[in-house]
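Novice: Following this line is final_38.csv, made up of CSV, C-alpha atoms and all ligand atoms:
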chain,number,residue,atom,x,y,z
A,24,MET,CA,-96.6,-49.9,228.1
A,25,ARG,CA,-100.0,-48.5,228.8
A,26,LEU,CA,-103.0,-50.7,227.9
A,27,ARG,CA,-106.6,-49.5,227.7
A,28,ASN,CA,-108.9,-51.3,230.0
A,29,LYS,CA,-111.5,-53.4,228.2
A,30,PRO,CA,-114.8,-54.6,229.8
A,31,TRP,CA,-114.1,-58.3,229.1
A,32,ALA,CA,-111.0,-58.1,231.2
A,33,GLN,CA,-112.8,-57.5,234.6
A,34,GLU,CA,-115.3,-60.3,233.8
A,35,LEU,CA,-112.6,-62.8,232.8
A,36,ILE,CA,-110.7,-62.0,236.0
A,37,LYS,CA,-113.8,-62.4,238.2
A,38,ASN,CA,-114.6,-65.8,236.7
A,39,ASN,CA,-111.2,-67.2,237.1
A,40,GLU,CA,-110.1,-66.6,240.7
A,41,GLN,CA,-108.4,-70.0,240.8
A,42,TYR,CA,-105.6,-68.5,238.6
A,43,ILE,CA,-105.7,-64.7,239.4
A,44,LEU,CA,-106.1,-62.5,242.4
A,45,VAL,CA,-106.5,-58.8,242.5
A,46,GLU,CA,-104.8,-57.0,245.5
A,47,PRO,CA,-105.5,-59.9,247.9
A,48,THR,CA,-105.3,-59.1,251.6
A,49,ALA,CA,-104.7,-62.5,253.2
A,50,MET,CA,-102.2,-64.2,251.0
A,51,ALA,CA,-98.9,-63.4,252.8
A,52,GLY,CA,-97.4,-66.7,253.9
A,53,ASN,CA,-100.1,-68.7,252.1
A,54,TRP,CA,-99.1,-68.7,248.5
A,55,GLN,CA,-98.1,-72.4,248.3
A,56,LYS,CA,-101.8,-73.3,249.0
A,57,ARG,CA,-102.7,-71.8,245.5
A,58,PHE,CA,-100.5,-74.4,243.7
A,59,ALA,CA,-100.8,-78.1,243.0
A,60,LYS,CA,-97.5,-78.8,244.8
A,61,SER,CA,-95.5,-77.0,247.4
A,62,GLN,CA,-92.1,-76.1,245.7
A,63,PRO,CA,-89.8,-73.2,245.4
A,64,LEU,CA,-91.7,-70.0,244.6
A,65,GLU,CA,-90.4,-67.5,242.0
A,66,LEU,CA,-91.9,-64.1,241.3
A,67,GLU,CA,-91.7,-61.9,238.2
A,68,LEU,CA,-92.4,-58.2,239.1
A,69,GLY,CA,-93.9,-56.4,236.1
A,70,SER,CA,-94.8,-59.3,233.8
A,71,GLY,CA,-96.4,-57.3,231.0
A,72,LYS,CA,-98.3,-59.7,228.8
A,73,GLY,CA,-96.7,-62.8,230.3
A,74,LYS,CA,-94.6,-64.4,227.6
A,75,PHE,CA,-91.6,-64.9,229.9
A,76,ILE,CA,-93.4,-66.3,232.9
A,77,LEU,CA,-95.6,-68.8,230.9
A,78,GLU,CA,-92.5,-70.2,229.2
A,79,GLN,CA,-90.6,-70.3,232.4
A,80,ALA,CA,-93.4,-72.1,234.2
A,81,LYS,CA,-93.6,-74.7,231.3
A,82,LYS,CA,-89.9,-75.2,231.3
A,83,HIS,CA,-89.7,-75.6,235.1
A,84,PRO,CA,-92.6,-77.7,236.5
A,85,GLU,CA,-90.5,-78.3,239.6
A,86,LYS,CA,-91.0,-74.6,240.6
A,87,ASN,CA,-94.0,-72.4,241.3
A,88,PHE,CA,-94.3,-69.0,239.6
A,89,ILE,CA,-96.2,-65.8,240.2
A,90,ALA,CA,-96.7,-63.2,237.5
A,91,MET,CA,-97.2,-59.9,239.3
A,92,GLU,CA,-98.5,-57.0,237.2
A,93,LEU,CA,-99.9,-53.5,238.1
A,94,GLN,CA,-102.1,-53.2,235.0
A,95,THR,CA,-105.3,-55.1,235.0
A,96,MET,CA,-105.4,-55.3,231.3
A,97,ALA,CA,-101.9,-56.8,231.0
A,98,ALA,CA,-102.8,-59.3,233.8
A,99,ALA,CA,-106.0,-60.3,231.9
A,100,MET,CA,-103.8,-61.0,228.8
A,101,ILE,CA,-101.6,-63.3,230.9
A,102,LEU,CA,-104.8,-65.0,232.2
A,103,LYS,CA,-106.0,-65.7,228.7
A,104,LYS,CA,-102.8,-67.5,228.0
A,105,GLN,CA,-103.0,-69.4,231.3
A,106,LEU,CA,-106.5,-70.5,230.5
A,107,ALA,CA,-105.2,-72.1,227.3
A,108,GLU,CA,-102.4,-73.8,229.1
A,109,LYS,CA,-103.8,-74.4,232.7
A,110,LEU,CA,-100.3,-74.6,234.2
A,111,PRO,CA,-100.6,-75.9,237.8
A,112,ASN,CA,-97.5,-74.0,238.8
A,113,LEU,CA,-98.5,-70.5,237.6
A,114,GLN,CA,-100.5,-67.8,239.5
A,115,ILE,CA,-101.3,-64.3,238.5
A,116,LEU,CA,-101.3,-61.4,240.9
A,117,VAL,CA,-102.7,-57.9,240.1
A,118,ALA,CA,-100.9,-55.5,242.5
A,119,ASN,CA,-98.3,-52.9,242.8
A,120,GLY,CA,-94.8,-54.0,243.7
A,121,GLN,CA,-94.7,-51.2,246.3
A,122,ASN,CA,-97.0,-53.4,248.4
A,123,LEU,CA,-94.8,-56.5,248.4
A,124,LEU,CA,-94.7,-56.7,252.2
A,125,GLU,CA,-98.4,-56.8,252.5
A,126,LEU,CA,-98.6,-59.5,249.8
A,127,PHE,CA,-95.8,-61.9,250.8
A,128,ALA,CA,-94.3,-63.1,254.1
A,129,VAL,CA,-90.7,-62.7,255.0
A,130,ASP,CA,-88.6,-65.4,253.1
A,131,GLU,CA,-91.5,-66.6,251.1
A,132,ILE,CA,-89.8,-66.2,247.7
A,133,SER,CA,-86.7,-68.0,246.4
A,134,LYS,CA,-86.1,-65.9,243.3
A,135,MET,CA,-87.3,-62.7,241.7
A,136,TYR,CA,-87.2,-61.5,238.1
A,137,LEU,CA,-87.2,-57.9,236.9
A,138,ASN,CA,-87.6,-57.9,233.1
A,139,PHE,CA,-87.4,-54.7,231.1
A,140,SER,CA,-88.7,-52.6,234.0
A,141,ASP,CA,-89.8,-49.1,233.2
A,142,PRO,CA,-86.7,-46.9,233.2
A,143,TRP,CA,-88.1,-43.7,234.8
A,144,PRO,CA,-85.2,-41.6,233.5
A,145,LYS,CA,-86.0,-38.4,235.3
A,146,THR,CA,-84.1,-38.0,238.6
A,147,ARG,CA,-87.2,-36.9,240.5
A,148,HIS,CA,-88.8,-40.3,239.6
A,149,GLU,CA,-85.9,-42.4,240.9
A,150,LYS,CA,-88.0,-44.0,243.6
A,151,ARG,CA,-90.3,-45.5,241.0
A,152,ARG,CA,-87.4,-47.5,239.4
A,153,LEU,CA,-87.7,-51.1,240.5
A,154,THR,CA,-84.0,-51.3,241.3
A,155,ALA,CA,-84.0,-48.2,243.5
A,156,PRO,CA,-83.0,-48.8,247.2
A,157,ASN,CA,-86.6,-48.5,248.4
A,158,PHE,CA,-87.5,-51.5,246.3
A,159,LEU,CA,-84.4,-53.4,247.0
A,160,LYS,CA,-85.3,-53.2,250.7
A,161,LEU,CA,-88.6,-54.9,250.0
A,162,TYR,CA,-87.0,-57.6,247.9
A,163,GLN,CA,-84.5,-58.3,250.7
A,164,GLN,CA,-87.4,-59.1,253.1
A,165,VAL,CA,-89.6,-61.3,250.9
A,166,LEU,CA,-86.6,-63.2,249.4
A,167,GLN,CA,-85.1,-66.1,251.3
A,168,ASP,CA,-81.5,-65.5,252.6
A,169,ASN,CA,-79.9,-67.2,249.7
A,170,GLY,CA,-82.6,-65.9,247.3
A,171,GLN,CA,-81.6,-64.6,243.9
A,172,LEU,CA,-82.6,-61.4,242.0
A,173,GLU,CA,-82.4,-61.5,238.2
A,174,PHE,CA,-82.6,-58.3,236.0
A,175,LYS,CA,-82.7,-57.8,232.3
A,176,THR,CA,-83.1,-54.6,230.3
A,177,ASP,CA,-82.3,-52.9,227.0
A,178,ASN,CA,-81.8,-49.6,228.7
A,179,GLN,CA,-78.2,-48.7,229.3
A,180,GLY,CA,-79.0,-45.9,231.7
A,181,LEU,CA,-81.2,-48.0,233.9
A,182,PHE,CA,-78.6,-50.8,233.8
A,183,GLU,CA,-75.8,-48.5,235.0
A,184,TYR,CA,-78.1,-47.0,237.6
A,185,SER,CA,-79.0,-50.5,238.8
A,186,LEU,CA,-75.4,-51.7,239.1
A,187,VAL,CA,-74.6,-48.7,241.3
A,188,SER,CA,-77.8,-48.9,243.3
A,189,MET,CA,-77.4,-52.7,243.9
A,190,SER,CA,-73.7,-52.4,244.7
A,191,ASN,CA,-74.3,-49.5,247.2
A,192,TYR,CA,-77.0,-51.6,248.8
A,193,GLY,CA,-74.5,-54.4,249.3
A,194,LEU,CA,-75.8,-56.9,246.8
A,195,HIS,CA,-73.3,-59.5,245.6
A,196,PHE,CA,-73.2,-59.9,241.8
A,197,GLU,CA,-73.0,-63.4,240.3
A,198,GLN,CA,-73.4,-62.9,236.6
A,199,ILE,CA,-73.2,-59.8,234.5
A,200,SER,CA,-73.5,-59.6,230.7
A,201,LEU,CA,-73.5,-56.5,228.5
A,202,ASN,CA,-74.8,-58.5,225.6
A,203,LEU,CA,-76.8,-61.4,226.9
A,204,HIS,CA,-77.8,-62.9,223.5
A,205,ALA,CA,-74.1,-63.0,222.4
A,206,SER,CA,-73.0,-64.7,225.6
A,207,VAL,CA,-72.9,-68.3,226.9
A,208,LEU,CA,-75.9,-67.4,229.1
A,209,ALA,CA,-78.1,-67.2,225.9
A,210,ASP,CA,-78.6,-71.0,225.8
A,211,ASP,CA,-80.7,-70.9,229.0
A,212,ASN,CA,-82.4,-67.6,228.4
A,213,VAL,CA,-86.2,-67.3,228.1
A,214,THR,CA,-87.1,-64.1,226.3
A,215,THR,CA,-89.8,-61.6,227.1
A,216,GLU,CA,-92.1,-59.6,224.7
A,217,TYR,CA,-89.9,-56.5,225.1
A,218,GLU,CA,-86.7,-58.5,224.7
A,219,GLU,CA,-87.8,-59.9,221.4
A,220,LYS,CA,-88.6,-56.5,220.1
A,221,PHE,CA,-85.3,-54.9,221.1
A,222,ALA,CA,-83.2,-57.9,220.1
A,223,GLN,CA,-84.8,-57.8,216.6
A,224,LYS,CA,-83.6,-54.2,216.3
A,225,GLY,CA,-80.1,-55.4,217.1
A,226,GLN,CA,-80.0,-53.8,220.5
A,227,PRO,CA,-77.9,-55.5,223.2
A,228,ILE,CA,-79.7,-56.9,226.2
A,229,TYR,CA,-78.1,-56.2,229.6
A,230,PHE,CA,-78.4,-58.9,232.2
A,231,LEU,CA,-77.4,-59.6,235.8
A,232,THR,CA,-78.0,-61.9,238.7
A,233,CYS,CA,-77.2,-61.1,242.3
A,234,ARG,CA,-77.9,-62.1,245.9
A,235,PHE,CA,-78.4,-60.1,249.1
A,301,LIG,C1,-91.8,-52.1,230.1
A,301,LIG,S1,-93.0,-53.3,230.6
A,301,LIG,C2,-92.1,-54.9,230.4
A,301,LIG,C3,-93.1,-56.0,230.4
A,301,LIG,C4,-92.4,-57.4,230.4
A,301,LIG,N1,-91.6,-57.7,231.6
A,301,LIG,C5,-91.5,-57.6,229.2
A,301,LIG,O1,-90.2,-57.6,229.3
A,301,LIG,O2,-92.0,-57.7,228.0
A,301,LIG,C6,-93.0,-53.1,232.4
A,301,LIG,C7,-94.2,-53.7,233.0
A,301,LIG,O3,-94.0,-53.6,234.5
A,301,LIG,C8,-95.3,-53.2,235.0
A,301,LIG,N2,-95.0,-52.5,236.3
A,301,LIG,C9,-94.3,-51.3,236.4
A,301,LIG,N3,-94.2,-50.9,237.7
A,301,LIG,C10,-94.8,-51.9,238.4
A,301,LIG,C11,-95.0,-52.1,239.8
A,301,LIG,N4,-94.6,-51.2,240.7
A,301,LIG,N5,-95.7,-53.2,240.2
A,301,LIG,C12,-96.1,-54.1,239.3
A,301,LIG,N6,-95.9,-54.0,238.0
A,301,LIG,C13,-95.3,-52.9,237.5
A,301,LIG,C14,-95.9,-52.3,234.0
A,301,LIG,O4,-97.3,-52.3,234.1
A,301,LIG,C15,-95.5,-53.0,232.7
A,301,LIG,O5,-96.5,-54.0,232.3
Can the structure in the file be given as structure tokens, please?
Specialist:
Amino acid sequence: MRLRNKPWAQELIKNNEQYILVEPTAMAGNWQKRFAKSQPLELELGSGKGKFILEQAKKHPEKNFIAMELQTMAAAMILKKQLAEKLPNLQILVANGQNLLELFAVDEISKMYLNFSDPWPKTRHEKRRLTAPNFLKLYQQVLQDNGQLEFKTDNQGLFEYSLVSMSNYGLHFEQISLNLHASVLADDNVTTEYEEKFAQKGQPIYFLTCRF
């Protein structure tokens, strides 16, 4: 998903720093101060337009959430939705997941979500896949010891790659589904924009949760 930058987006972001930060330099270890209450912190990496994280934050007021997104334009679209809702437990972060260690302290996060991450099918792009070992190493550091990683995708190739990559890294799988919407896990599932699109076409959604 590539979105064209619009002039209103920069202005909106600049005027709403209580909800959104762009590549902040001094937030590691300090995220709880951005929320109304100090409570478990969950991070979605690659939030897109934010459907999942807004619904998740509404459903779980007992947790704090961060929507992390590389594209300014997508983050501005999340911000628009947040300005309509003003959820006290949701913050938006414009940054690249490659910089997680500069953005979060060790053990600062209790759960991470990877939803419909870009598949990067070419072997030479493996390091860009958000389930490649270079990324898993970052998640291991920012996640608490018992922290959970949740991953959903429509892409069979990326799912198979991720199972191998995570298994080789030593992650322990807790739940695996090759058809999330037809499983018992569907009751609790909050969908993303991409998920809605693929599910409507009848494609199965692959799902897993695991811990380091
Ligand atoms: C295919 S879209 C899926 C969006 C959303 N999660 C959904 O399921 O509808 C992947 C999103 O991840 C973002 N993304 C990809 N790599 C990223 C990275 N390294 N750091 C932060 N965001 C990233 C992209 O900009 C894009 O918005």
Novice: Could you pull the residues within 6 Å of A:Val117, counting only C-alpha atoms, minus those fewer than 3 positions along the same chain, as a PyMOL selection string?
Specialist: chain A and resi 45-46+91-93
Novice: Would you be able to write out as a list in words which residues have an atom within 10 Å of (-88.2, -57.0, 249.2) in the file's coordinates, counting all atoms listed in the file?
Specialist: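 Every polymer residue passing the test: Gly120, Gln121, Asn122, Leu123, Leu124, Phe127, Ala128, Val129, Asp130, Ile132, Met135, Pro156, Asn157, Phe158, Leu159, Lys160, Leu161, Tyr162, Gln163, Gln164, Val165, Leu166 and Gln167 of chain A.
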Novice: I need the residues from that last selection saved to file as a PDB file, in the coordinates of the input (with C-alpha atoms), if you can.
Specialist:
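Saved the output as result-v3.pdb:
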ATOM      1  CA  GLY A 120     -94.800 -54.000 243.700  1.00  0.00           C
ATOM      2  CA  GLN A 121     -94.700 -51.200 246.300  1.00  0.00           C
ATOM      3  CA  ASN A 122     -97.000 -53.400 248.400  1.00  0.00           C
ATOM      4  CA  LEU A 123     -94.800 -56.500 248.400  1.00  0.00           C
ATOM      5  CA  LEU A 124     -94.700 -56.700 252.200  1.00  0.00           C
ATOM      6  CA  PHE A 127     -95.800 -61.900 250.800  1.00  0.00           C
ATOM      7  CA  ALA A 128     -94.300 -63.100 254.100  1.00  0.00           C
ATOM      8  CA  VAL A 129     -90.700 -62.700 255.000  1.00  0.00           C
ATOM      9  CA  ASP A 130     -88.600 -65.400 253.100  1.00  0.00           C
ATOM     10  CA  ILE A 132     -89.800 -66.200 247.700  1.00  0.00           C
ATOM     11  CA  MET A 135     -87.300 -62.700 241.700  1.00  0.00           C
ATOM     12  CA  PRO A 156     -83.000 -48.800 247.200  1.00  0.00           C
ATOM     13  CA  ASN A 157     -86.600 -48.500 248.400  1.00  0.00           C
ATOM     14  CA  PHE A 158     -87.500 -51.500 246.300  1.00  0.00           C
ATOM     15  CA  LEU A 159     -84.400 -53.400 247.000  1.00  0.00           C
ATOM     16  CA  LYS A 160     -85.300 -53.200 250.700  1.00  0.00           C
ATOM     17  CA  LEU A 161     -88.600 -54.900 250.000  1.00  0.00           C
ATOM     18  CA  TYR A 162     -87.000 -57.600 247.900  1.00  0.00           C
ATOM     19  CA  GLN A 163     -84.500 -58.300 250.700  1.00  0.00           C
ATOM     20  CA  GLN A 164     -87.400 -59.100 253.100  1.00  0.00           C
ATOM     21  CA  VAL A 165     -89.600 -61.300 250.900  1.00  0.00           C
ATOM     22  CA  LEU A 166     -86.600 -63.200 249.400  1.00  0.00           C
ATOM     23  CA  GLN A 167     -85.100 -66.100 251.300  1.00  0.00           C
TER      24      GLN A 167
END
Novice: Sorted by chain and rising residue number, which residues of stretch 55-146 of chain A lie within 9 Å of stretch 216-233 of chain A, and what are their closest atom pairs and distances in Å to one decimal, counting all atoms listed in the file, as CSV?
Specialist:
residue,atom,partner,partner_atom,distance
A:Gly71,CA,A:Glu216,CA,8.0
A:Lys72,CA,A:Glu216,CA,7.4
A:Gly73,CA,A:Glu216,CA,7.9
A:Lys74,CA,A:Glu216,CA,6.1
A:Phe75,CA,A:Glu216,CA,7.4
A:Asn138,CA,A:Tyr217,CA,8.4
A:Phe139,CA,A:Tyr217,CA,6.7
Novice: Do you have the atom C12 of ligand LIG 301 (chain A)-atom CA of A:Arg151 distance handy?
Specialist: 10.5 Å
Novice: Taking into account all atoms listed in the file, which residue in the set A:Ser200, A:Thr214, A:Ser133, A:Ala205 is nearest to A:Phe235?
Specialist: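 Nearest candidate to A:Phe235 out of A:Ser200, A:Thr214, A:Ser133, A:Ala205: A:Ser133.
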Novice: Taking all atoms listed in the file into account, name the residue in A:Tyr136, A:Trp31, A:Phe88, A:Phe58 that is nearest to ligand LIG 301 (chain A).
Specialist: A:Tyr136
